[in-house]
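Undergrad: For reference, the structure I am asking about is given below.
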Amino acid sequence: MSAVGRVQQWATFGRMWYLFDAKWQNPFHSADKIKDILTGTHKPIYHDLNDCGDHVVVINSSEIALPGVEWEKRVYFHHTGYAKGASWTLAWQLHHKDPTMILRKTVYSKLSKNLLRRGRMEKLHIFPDDKIPDSILENVSAQLRQMRPIPKRLDHYTREEVEKFPKVFDWPKDYIIK
Amino acid sequence: MVITSPTLLARSRGADKYWKQRRILRLSAHYYGRRQNCYSIAIRSVRRALQYSTLHRRLNKLMYKTLWEGRINASCQELGTTYNDMYATMDQAGIALDRKILQNLAIWEPRSFRALALLTKAKQEEEGLNSLDGPVPAGVVTRGML
């Protein structure tokens with residue numbers, strides 16, 4: 001390696017495309033991570049004037065998991081600008097209308113409020129399921145780790161596994177499980 | 001004959017008004033509109049600009065500190081550790097590298113930086129603060145004792 005080439009890092013300025021599987025992920029928690037990628041703060045070369053943000057392709061956004069009572073209690077506000085133009089949409093209603101909207105709005109609100117925000121949002125590609133156009137899929141070069149493991153539901157275990165699971169006690173014969 | 005020279009000399013003491021104004025207008029030369037050439041308007045902007053520059057001499061240092069910390073943290077997280085852990089380890093191990101040098105290493109000498117990150121991880125593991133494998137802190141009563 002030559003003395004000049006010792007510190008050559010052309011790939012440093014390469015634009016990466018990350019794939020993120022939003023299945024069973026908390027969108028508010030995931031958005032923190034996605035925001036870092038979009039702004040480029042995950043790189044040591046980051047600077048405010050340096051356009052070093054990467055692309056994020058989010059799949060399965062229709063299967064996000066909101067924590068606690070957020071589906072019923074979280075409200076998205078919109079105003080048309082006219083009199084009586086205010087509207088409040090619950091998270092579950094918004095998710096029915098557009099399954100990418102909750103994640104998109106969350107990332108949008110987490111990004112810093114400046115002229116770069118719209119451009120950074122352009123680097124975010126959200127898909128409700130795992131069907132991605134080939135033009136986008138061919139760019140994807142890395143994957144983001146999921147923020148939390150996907151839990152396995154009881155009905156996903158086989159009957160054999162459930163019966164083999166060690167039980168501490170048996171219910172009484174006359175006990176009715178609610 | 002009346003000699004006026006001393007009187008006139010006494011009156012013209014101190015900085016000339018013209019040159020005093022030129023001094024200010026030099027600083028406002030790049031401003032827009034009447035702030036550029038009208039003294040009474042220019043002086044306001046120049047005074048405020050000088051106040052800002054005094055204030056921002058401190059804020060500039062703070063800005064660089066946050067930028068460097070962010071960069072070091074980004075590099076650390078790539079390597080599985082954090083800025084705070086590295087900060088503590090550098091202090092303990094007596095490695096006197098400041099933020100400016102560390103962020104330069106992170107950008108230009110990633111392998112040197114990786115060595116420091118590996119040192120951080122080894123030290124943190126040795127202390128065992130973030131794991132259940134480390135030594136039990138004193139004064140904790142566990143089941144085995146009773």
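Following the order of the structure tokens, first chain is A, next is B, and so on, with residues numbered from 1 inside each chain and ligands from 1 in the order they appear.
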For a quick test of understanding: name the residues of chain B lying within 6 Å of chain A when counting only C-alpha atoms, and present them as a PyMOL selection string.
TA: chain B and resi 71+74-75+107
Undergrad: Could you pull the residues within 12 Å of His78 in chain A, counting only C-alpha atoms, minus those fewer than 3 positions along the same chain, as a list in words?
TA: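 Counting only the stated atoms, we get Val75, Gly81, Tyr82, Lys84, Gly85, Ala86, Ser87, Trp88, Thr89, Leu90 and Leu94 of chain A.
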Undergrad: Between B:Lys100, B:Arg23, B:Arg35, B:Arg47, single out the one closest to Lys61 in chain B, counting only C-alpha atoms.
TA: B:Lys100
Undergrad: Apply DSSP to the structure's backbone, then extract all residues of chain A labelled helix (DSSP H, G or I) and return them as a ChimeraX atom specification.
TA: /A:5-7,10-13,27-39,61-63,70-73,91-97,101-110,117-121,134-137,154-156,159-164
Undergrad: To one decimal in Å, tell me the separation between CA of Thr66 in chain B and CA of Asp85 in chain B.
TA: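 Between CA of Thr66 in chain B and CA of Asp85 in chain B the gap works out to 16.4 Å.
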Undergrad: So how many Å separate CA of Pro67 in chain A and CA of Ser109 in chain A, to one decimal?
TA: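 Computed distance, CA of Pro67 in chain A to CA of Ser109 in chain A, equals 18.1 Å.
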Undergrad: Find the spatial neighbours of range 116-130 of chain B, counting only C-alpha atoms, within a cut-off of 10 Å - ignore same-chain residues fewer than 5 positions away - and output them as a compact mmCIF listing (two decimals) with C-alpha atoms, in the first residue's frame.
TA:
# COMPACT_ATOMS: atom_id res chain seq x y z
CA SER B 75 -17.73 5.53 15.31
CA CYS B 76 -17.98 3.88 18.73
CA GLN B 77 -21.45 2.51 18.01
CA GLU B 78 -20.20 0.99 14.76
CA LEU B 79 -17.68 -0.90 16.88
CA GLY B 80 -20.12 -1.91 19.62
CA THR B 81 -19.33 0.58 22.35
CA THR B 82 -20.38 4.13 23.24
CA TYR B 83 -18.81 7.54 23.62
CA ASP B 85 -17.70 4.28 27.91
CA MET B 86 -14.74 5.42 25.85
CA TYR B 87 -14.57 8.69 27.76
CA ALA B 88 -14.45 6.86 31.09
CA THR B 89 -11.89 4.33 29.85
CA MET B 90 -9.58 7.00 28.41
CA GLN B 92 -8.90 5.53 33.73
CA ALA B 93 -6.19 4.30 31.38
CA ILE B 95 -4.74 8.09 27.53
CA LEU B 102 -10.24 11.19 18.60
CA LEU B 105 -8.63 9.23 14.27
CA ALA B 106 -12.20 8.04 13.68
CA PRO B 110 -10.20 3.99 11.57
CA ARG B 111 -7.87 1.16 12.56
CA PRO B 135 -17.95 -9.32 40.91
CA VAL B 136 -20.87 -8.84 43.31
CA PRO B 137 -20.78 -5.38 44.88
Undergrad: Could you check the closest approach to Cys38 in chain B for each of B:Gln21, B:Arg99, B:Gln51, B:Glu109 and tell me which residue wins, using only C-alpha atoms?
TA: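 Counting only C-alpha atoms, the residue closest to Cys38 in chain B is B:Gln21.
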Undergrad: Which value, in Å to one decimal, gives the distance between CA of Thr4 in chain B and CA of Asp16 in chain B?
TA: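 For CA of Thr4 in chain B relative to CA of Asp16 in chain B, the distance reads 19.5 Å.
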Undergrad: List the neighbours of range 131-141 of chain A out to 7 Å using only C-alpha atoms; skip same-chain residues closer than 2 positions along the sequence, and give me the result as a PyMOL selection string.
TA: chain A and resi 16-19+129
Undergrad: Counting only C-alpha atoms, which of B:Ile101, B:Ala115, B:Ile41, B:Val46 gets nearest to Leu27 in chain B?
TA: B:Val46
Undergrad: Taking the backbone alone, and naming residues the way the document does, which bits of chain A are strand (DSSP E or B) by DSSP, as a list of chain:residue names?
TA: A:Trp17, A:Tyr18, A:Leu19, A:Phe20, A:Asp21, A:His55, A:Val56, A:Val57, A:Val58, A:Ile59, A:Val75, A:Tyr76, A:Phe77, A:His78, A:His79, A:Ala86, A:Ser87, A:Trp88, A:Thr89, A:Leu90, A:Leu124, A:His125, A:Ile126, A:Ala142, A:Gln143
Undergrad: Give me the residues within 12 Å of Glu122 in chain A as a list in words, counting only C-alpha atoms and dropping any in the same chain fewer than 5 places off.
TA: Leu38, Thr39, Gly53, Asp54, His55, Val56, Val57, Arg104, Val107, Tyr108, Leu116 and Arg117 of chain A
Undergrad: Those residues with N, CA and C atoms, as a PDB file, in the first residue's frame please?
TA:
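Contents of result29.pdb, as written:
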ATOM      1  N   LEU A  38     -30.953   8.635   8.263  1.00  0.00           N
ATOM      2  CA  LEU A  38     -31.353   9.613   7.241  1.00  0.00           C
ATOM      3  C   LEU A  38     -30.514  10.889   7.316  1.00  0.00           C
ATOM      4  N   THR A  39     -30.165  11.295   8.545  1.00  0.00           N
ATOM      5  CA  THR A  39     -29.366  12.517   8.691  1.00  0.00           C
ATOM      6  C   THR A  39     -27.874  12.257   8.516  1.00  0.00           C
ATOM      7  N   GLY A  53     -26.391  11.604   4.460  1.00  0.00           N
ATOM      8  CA  GLY A  53     -27.438  10.691   4.918  1.00  0.00           C
ATOM      9  C   GLY A  53     -27.624   9.515   3.975  1.00  0.00           C
ATOM     10  N   ASP A  54     -28.056   8.386   4.521  1.00  0.00           N
ATOM     11  CA  ASP A  54     -28.280   7.187   3.720  1.00  0.00           C
ATOM     12  C   ASP A  54     -29.776   6.956   3.528  1.00  0.00           C
ATOM     13  N   HIS A  55     -30.094   6.034   2.627  1.00  0.00           N
ATOM     14  CA  HIS A  55     -31.495   5.674   2.375  1.00  0.00           C
ATOM     15  C   HIS A  55     -31.918   4.568   3.324  1.00  0.00           C
ATOM     16  N   VAL A  56     -33.203   4.572   3.687  1.00  0.00           N
ATOM     17  CA  VAL A  56     -33.766   3.496   4.489  1.00  0.00           C
ATOM     18  C   VAL A  56     -35.012   2.977   3.779  1.00  0.00           C
ATOM     19  N   VAL A  57     -35.062   1.684   3.559  1.00  0.00           N
ATOM     20  CA  VAL A  57     -36.233   1.050   2.968  1.00  0.00           C
ATOM     21  C   VAL A  57     -36.920   0.260   4.082  1.00  0.00           C
ATOM     22  N   ARG A 104     -44.229   7.190   8.916  1.00  0.00           N
ATOM     23  CA  ARG A 104     -43.730   8.361   8.177  1.00  0.00           C
ATOM     24  C   ARG A 104     -43.857   9.622   9.008  1.00  0.00           C
ATOM     25  N   VAL A 107     -41.227   9.629  11.912  1.00  0.00           N
ATOM     26  CA  VAL A 107     -39.872   9.987  11.482  1.00  0.00           C
ATOM     27  C   VAL A 107     -39.815  11.470  11.142  1.00  0.00           C
ATOM     28  N   TYR A 108     -40.874  11.964  10.480  1.00  0.00           N
ATOM     29  CA  TYR A 108     -40.918  13.375  10.087  1.00  0.00           C
ATOM     30  C   TYR A 108     -40.828  14.280  11.309  1.00  0.00           C
ATOM     31  N   LEU A 116     -33.611  20.982   5.399  1.00  0.00           N
ATOM     32  CA  LEU A 116     -33.131  19.677   4.952  1.00  0.00           C
ATOM     33  C   LEU A 116     -34.158  18.582   5.195  1.00  0.00           C
ATOM     34  N   ARG A 117     -35.235  18.922   5.957  1.00  0.00           N
ATOM     35  CA  ARG A 117     -36.153  17.871   6.408  1.00  0.00           C
ATOM     36  C   ARG A 117     -36.838  17.171   5.241  1.00  0.00           C
TER      37      ARG A 117
END
